[in-house]
Amino acid sequence: MKEIIFQNRSRIRSIIRKMTGSDNEDLEQEVYIKVWQNKEGYQEKGKFSQWVSTITINLCRDFFRSKTYHQKQIEVQNKDIVLPDTSKGAEEIYDERKRQKMILKAVDELPSKLRQIIILFEFEELSYEQISKKTGLPIGTIKSRLFNARKTLSEKLKFLKGDIK
């Protein structure tokens, strides 16, 4: 298990940071527990690191749906915190999280070959060369799939940019 943690720690932290907006050690520990509990059920249909990344992404989504998250949001809203223009800040935070959920849903709906590349590039922050080594695909194919994934996401999410009224 130590080896699994060592090999995947930075990837897990990066995904959690991107999805939640901060480091969340509890969530990170949950990922390790899930991996440990389910490692026997892992089927070698893909890379182990991708399987771990999927677990991390799913746990982040579960976190946003959890009672704990919603209670923390209520506690934060109920505290007498003096912030400039608090109503705008709360709305912006809500809107940002809502946008994140829509984006993640759109990523989930991508065909698997496009989804894999966009996750590796955008969420795991791997370079073209690293993705090529990881997937065995030529860099040209990676660039093409990344372009197509972005194009598809742009079309699905154009309402977020204000293109449709």
# chains A, B, ... in the order shown; residues from 1 in each chain; ligands from 1

$ residues_around --residues "Ile57 (chain A)" --least-positions-apart "6" --cutoff "12 Å" --atoms "only C-alpha atoms" --output "list in words"
Arg11, Ile12, Arg13, Ser14, Ile15, Ile16, Arg17, Lys18, Met19, Thr20, Leu27, Glu28, Glu30, Val31, Gln50, Trp51, Phe63, Phe64, Lys101, Leu104, Lys105, Val107, Asp108, Ile119, Phe123 and Glu124 of chain A

$ write_last_selection --atoms "N, CA and C atoms" --output "tab-separated table (two decimals), in the first residue's frame"
chain	number	residue	atom	x	y	z
A	11	ARG	N	-0.75	12.88	-7.94
A	11	ARG	CA	-1.89	12.85	-8.86
A	11	ARG	C	-3.19	13.02	-8.07
A	12	ILE	N	-3.32	12.29	-6.98
A	12	ILE	CA	-4.53	12.35	-6.15
A	12	ILE	C	-4.71	13.76	-5.59
A	13	ARG	N	-3.62	14.33	-5.05
A	13	ARG	CA	-3.71	15.68	-4.49
A	13	ARG	C	-4.08	16.71	-5.56
A	14	SER	N	-3.51	16.55	-6.73
A	14	SER	CA	-3.79	17.48	-7.83
A	14	SER	C	-5.26	17.43	-8.23
A	15	ILE	N	-5.81	16.23	-8.35
A	15	ILE	CA	-7.22	16.09	-8.72
A	15	ILE	C	-8.12	16.69	-7.64
A	16	ILE	N	-7.83	16.39	-6.39
A	16	ILE	CA	-8.63	16.93	-5.28
A	16	ILE	C	-8.56	18.45	-5.27
A	17	ARG	N	-7.37	18.99	-5.47
A	17	ARG	CA	-7.19	20.44	-5.47
A	17	ARG	C	-7.98	21.08	-6.62
A	18	LYS	N	-7.93	20.47	-7.79
A	18	LYS	CA	-8.66	21.03	-8.94
A	18	LYS	C	-10.17	20.96	-8.75
A	19	MET	N	-10.63	19.87	-8.17
A	19	MET	CA	-12.08	19.69	-8.07
A	19	MET	C	-12.70	20.42	-6.89
A	20	THR	N	-11.97	20.49	-5.76
A	20	THR	CA	-12.55	21.09	-4.57
A	20	THR	C	-12.05	22.51	-4.32
A	27	LEU	N	-10.30	13.77	2.40
A	27	LEU	CA	-10.69	13.20	1.11
A	27	LEU	C	-9.56	12.35	0.54
A	28	GLU	N	-8.35	12.82	0.69
A	28	GLU	CA	-7.19	12.06	0.22
A	28	GLU	C	-7.10	10.71	0.95
A	30	GLU	N	-9.56	9.11	2.28
A	30	GLU	CA	-10.67	8.30	1.79
A	30	GLU	C	-10.31	7.58	0.50
A	31	VAL	N	-9.58	8.29	-0.37
A	31	VAL	CA	-9.15	7.69	-1.63
A	31	VAL	C	-8.28	6.47	-1.34
A	50	GLN	N	-4.96	5.26	-13.64
A	50	GLN	CA	-6.22	5.82	-14.13
A	50	GLN	C	-7.38	5.35	-13.25
A	51	TRP	N	-7.29	4.12	-12.82
A	51	TRP	CA	-8.32	3.57	-11.92
A	51	TRP	C	-8.32	4.37	-10.62
A	63	PHE	N	-18.25	13.85	-2.31
A	63	PHE	CA	-18.03	14.86	-1.27
A	63	PHE	C	-18.97	16.04	-1.47
A	64	PHE	N	-19.14	16.49	-2.72
A	64	PHE	CA	-20.02	17.62	-2.99
A	64	PHE	C	-21.48	17.27	-2.73
A	101	LYS	N	-19.59	21.35	-11.68
A	101	LYS	CA	-20.39	20.13	-11.79
A	101	LYS	C	-20.85	19.90	-13.23
A	104	LEU	N	-17.82	18.73	-15.25
A	104	LEU	CA	-17.49	17.33	-14.95
A	104	LEU	C	-18.51	16.38	-15.59
A	105	LYS	N	-19.77	16.78	-15.58
A	105	LYS	CA	-20.79	15.94	-16.22
A	105	LYS	C	-20.53	15.86	-17.72
A	107	VAL	N	-17.65	16.21	-19.21
A	107	VAL	CA	-16.44	15.39	-19.40
A	107	VAL	C	-16.82	13.91	-19.31
A	108	ASP	N	-17.67	13.58	-18.35
A	108	ASP	CA	-18.12	12.19	-18.19
A	108	ASP	C	-18.85	11.67	-19.42
A	119	ILE	N	-8.73	14.16	-19.30
A	119	ILE	CA	-8.45	13.97	-17.87
A	119	ILE	C	-6.95	13.99	-17.61
A	123	PHE	N	-6.73	17.47	-15.85
A	123	PHE	CA	-6.84	17.18	-14.42
A	123	PHE	C	-5.53	16.71	-13.82
A	124	GLU	N	-4.84	15.83	-14.54
A	124	GLU	CA	-3.58	15.31	-14.01
A	124	GLU	C	-2.38	16.15	-14.44

$ residues_around --residues "Gln29 (chain A)" --least-positions-apart "4" --cutoff "12 Å" --atoms "only C-alpha atoms" --output "PyMOL selection string"
chain A and resi 5+9+12-13+16+23-25+33-36+55-56+59-60

$ write_last_selection --atoms "N, CA and C atoms" --output "compact mmCIF listing (two decimals), in the first residue's frame"
# COMPACT_ATOMS: atom_id res chain seq x y z
N ILE A 5 0.55 4.52 -2.52
CA ILE A 5 0.45 5.90 -2.04
C ILE A 5 1.58 6.73 -2.63
N ARG A 9 0.32 9.76 -4.97
CA ARG A 9 0.03 10.87 -4.06
C ARG A 9 -0.12 12.21 -4.80
N ILE A 12 -3.32 12.29 -6.98
CA ILE A 12 -4.53 12.35 -6.15
C ILE A 12 -4.71 13.76 -5.59
N ARG A 13 -3.62 14.33 -5.05
CA ARG A 13 -3.71 15.68 -4.49
C ARG A 13 -4.08 16.71 -5.56
N ILE A 16 -7.83 16.39 -6.39
CA ILE A 16 -8.63 16.93 -5.28
C ILE A 16 -8.56 18.45 -5.27
N ASP A 23 -6.68 21.79 -0.73
CA ASP A 23 -6.19 20.50 -0.29
C ASP A 23 -7.16 19.95 0.75
N ASN A 24 -7.49 18.69 0.63
CA ASN A 24 -8.43 18.08 1.56
C ASN A 24 -7.86 16.73 1.98
N GLU A 25 -7.18 16.73 3.12
CA GLU A 25 -6.50 15.51 3.58
C GLU A 25 -7.48 14.39 3.89
N ILE A 33 -8.17 4.64 1.30
CA ILE A 33 -8.98 3.57 1.90
C ILE A 33 -9.77 2.84 0.81
N LYS A 34 -10.40 3.60 -0.09
CA LYS A 34 -11.18 2.98 -1.18
C LYS A 34 -10.29 2.11 -2.06
N VAL A 35 -9.11 2.63 -2.38
CA VAL A 35 -8.18 1.86 -3.22
C VAL A 35 -7.82 0.57 -2.51
N TRP A 36 -7.50 0.67 -1.24
CA TRP A 36 -7.11 -0.52 -0.47
C TRP A 36 -8.27 -1.51 -0.39
N ILE A 55 -11.33 6.78 -9.05
CA ILE A 55 -11.81 6.70 -7.66
C ILE A 55 -11.74 8.08 -7.01
N THR A 56 -10.65 8.80 -7.24
CA THR A 56 -10.49 10.13 -6.66
C THR A 56 -11.57 11.08 -7.16
N LEU A 59 -14.93 10.18 -5.63
CA LEU A 59 -15.03 10.57 -4.23
C LEU A 59 -15.19 12.08 -4.08
N CYS A 60 -14.58 12.86 -4.96
CA CYS A 60 -14.76 14.31 -4.94
C CYS A 60 -16.22 14.65 -5.24

$ atom_distance --atom1 "CA of Thr141 (chain A)" --atom2 "CA of Ile117 (chain A)"
9.8 Å

$ closest_residue --among "A:Gln37, A:Gly21, A:Leu160, A:Leu146" --to "Met1 (chain A)" --atoms "only C-alpha atoms"
A:Gln37

$ select_by_dssp --residues "chain A" --states "helix (DSSP H, G or I)" --output "ChimeraX atom specification"
/A:2-20,25-41,48-65,67-78,86-108,112-123,128-135,139-156,158-160

$ closest_residue --among "A:Phe159, A:Glu125, A:Asn58, A:Ser112" --to "Gly46 (chain A)" --atoms "only C-alpha atoms"
A:Ser112

$ closest_residue --among "A:Asp62, A:Asp26, A:Glu155, A:Glu40" --to "Leu110 (chain A)" --atoms "only C-alpha atoms"
A:Glu155

$ closest_residue --among "A:Lys47, A:Lys98, A:Lys39, A:Lys151" --to "Thr135 (chain A)" --atoms "only C-alpha atoms"
A:Lys47

$ closest_residue --among "A:Val52, A:Ile103, A:Lys134, A:Lys113" --to "Asn38 (chain A)" --atoms "only C-alpha atoms"
A:Val52

$ residues_around --residues "Ser144 (chain A)" --least-positions-apart "4" --cutoff "12 Å" --atoms "only C-alpha atoms" --output "list in words"
Lys113, Leu114, Ile117, Ile118, Tyr128, Leu137, Pro138, Ile139, Gly140, Asn148, Ala149, Arg150 and Lys151 of chain A

$ atom_distance --atom1 "CA of Ile142 (chain A)" --atom2 "CA of Lys156 (chain A)"
20.8 Å

$ closest_residue --among "A:Ser22, A:Ser10, A:Ala106, A:Glu92" --to "Lys158 (chain A)" --atoms "only C-alpha atoms"
A:Ala106
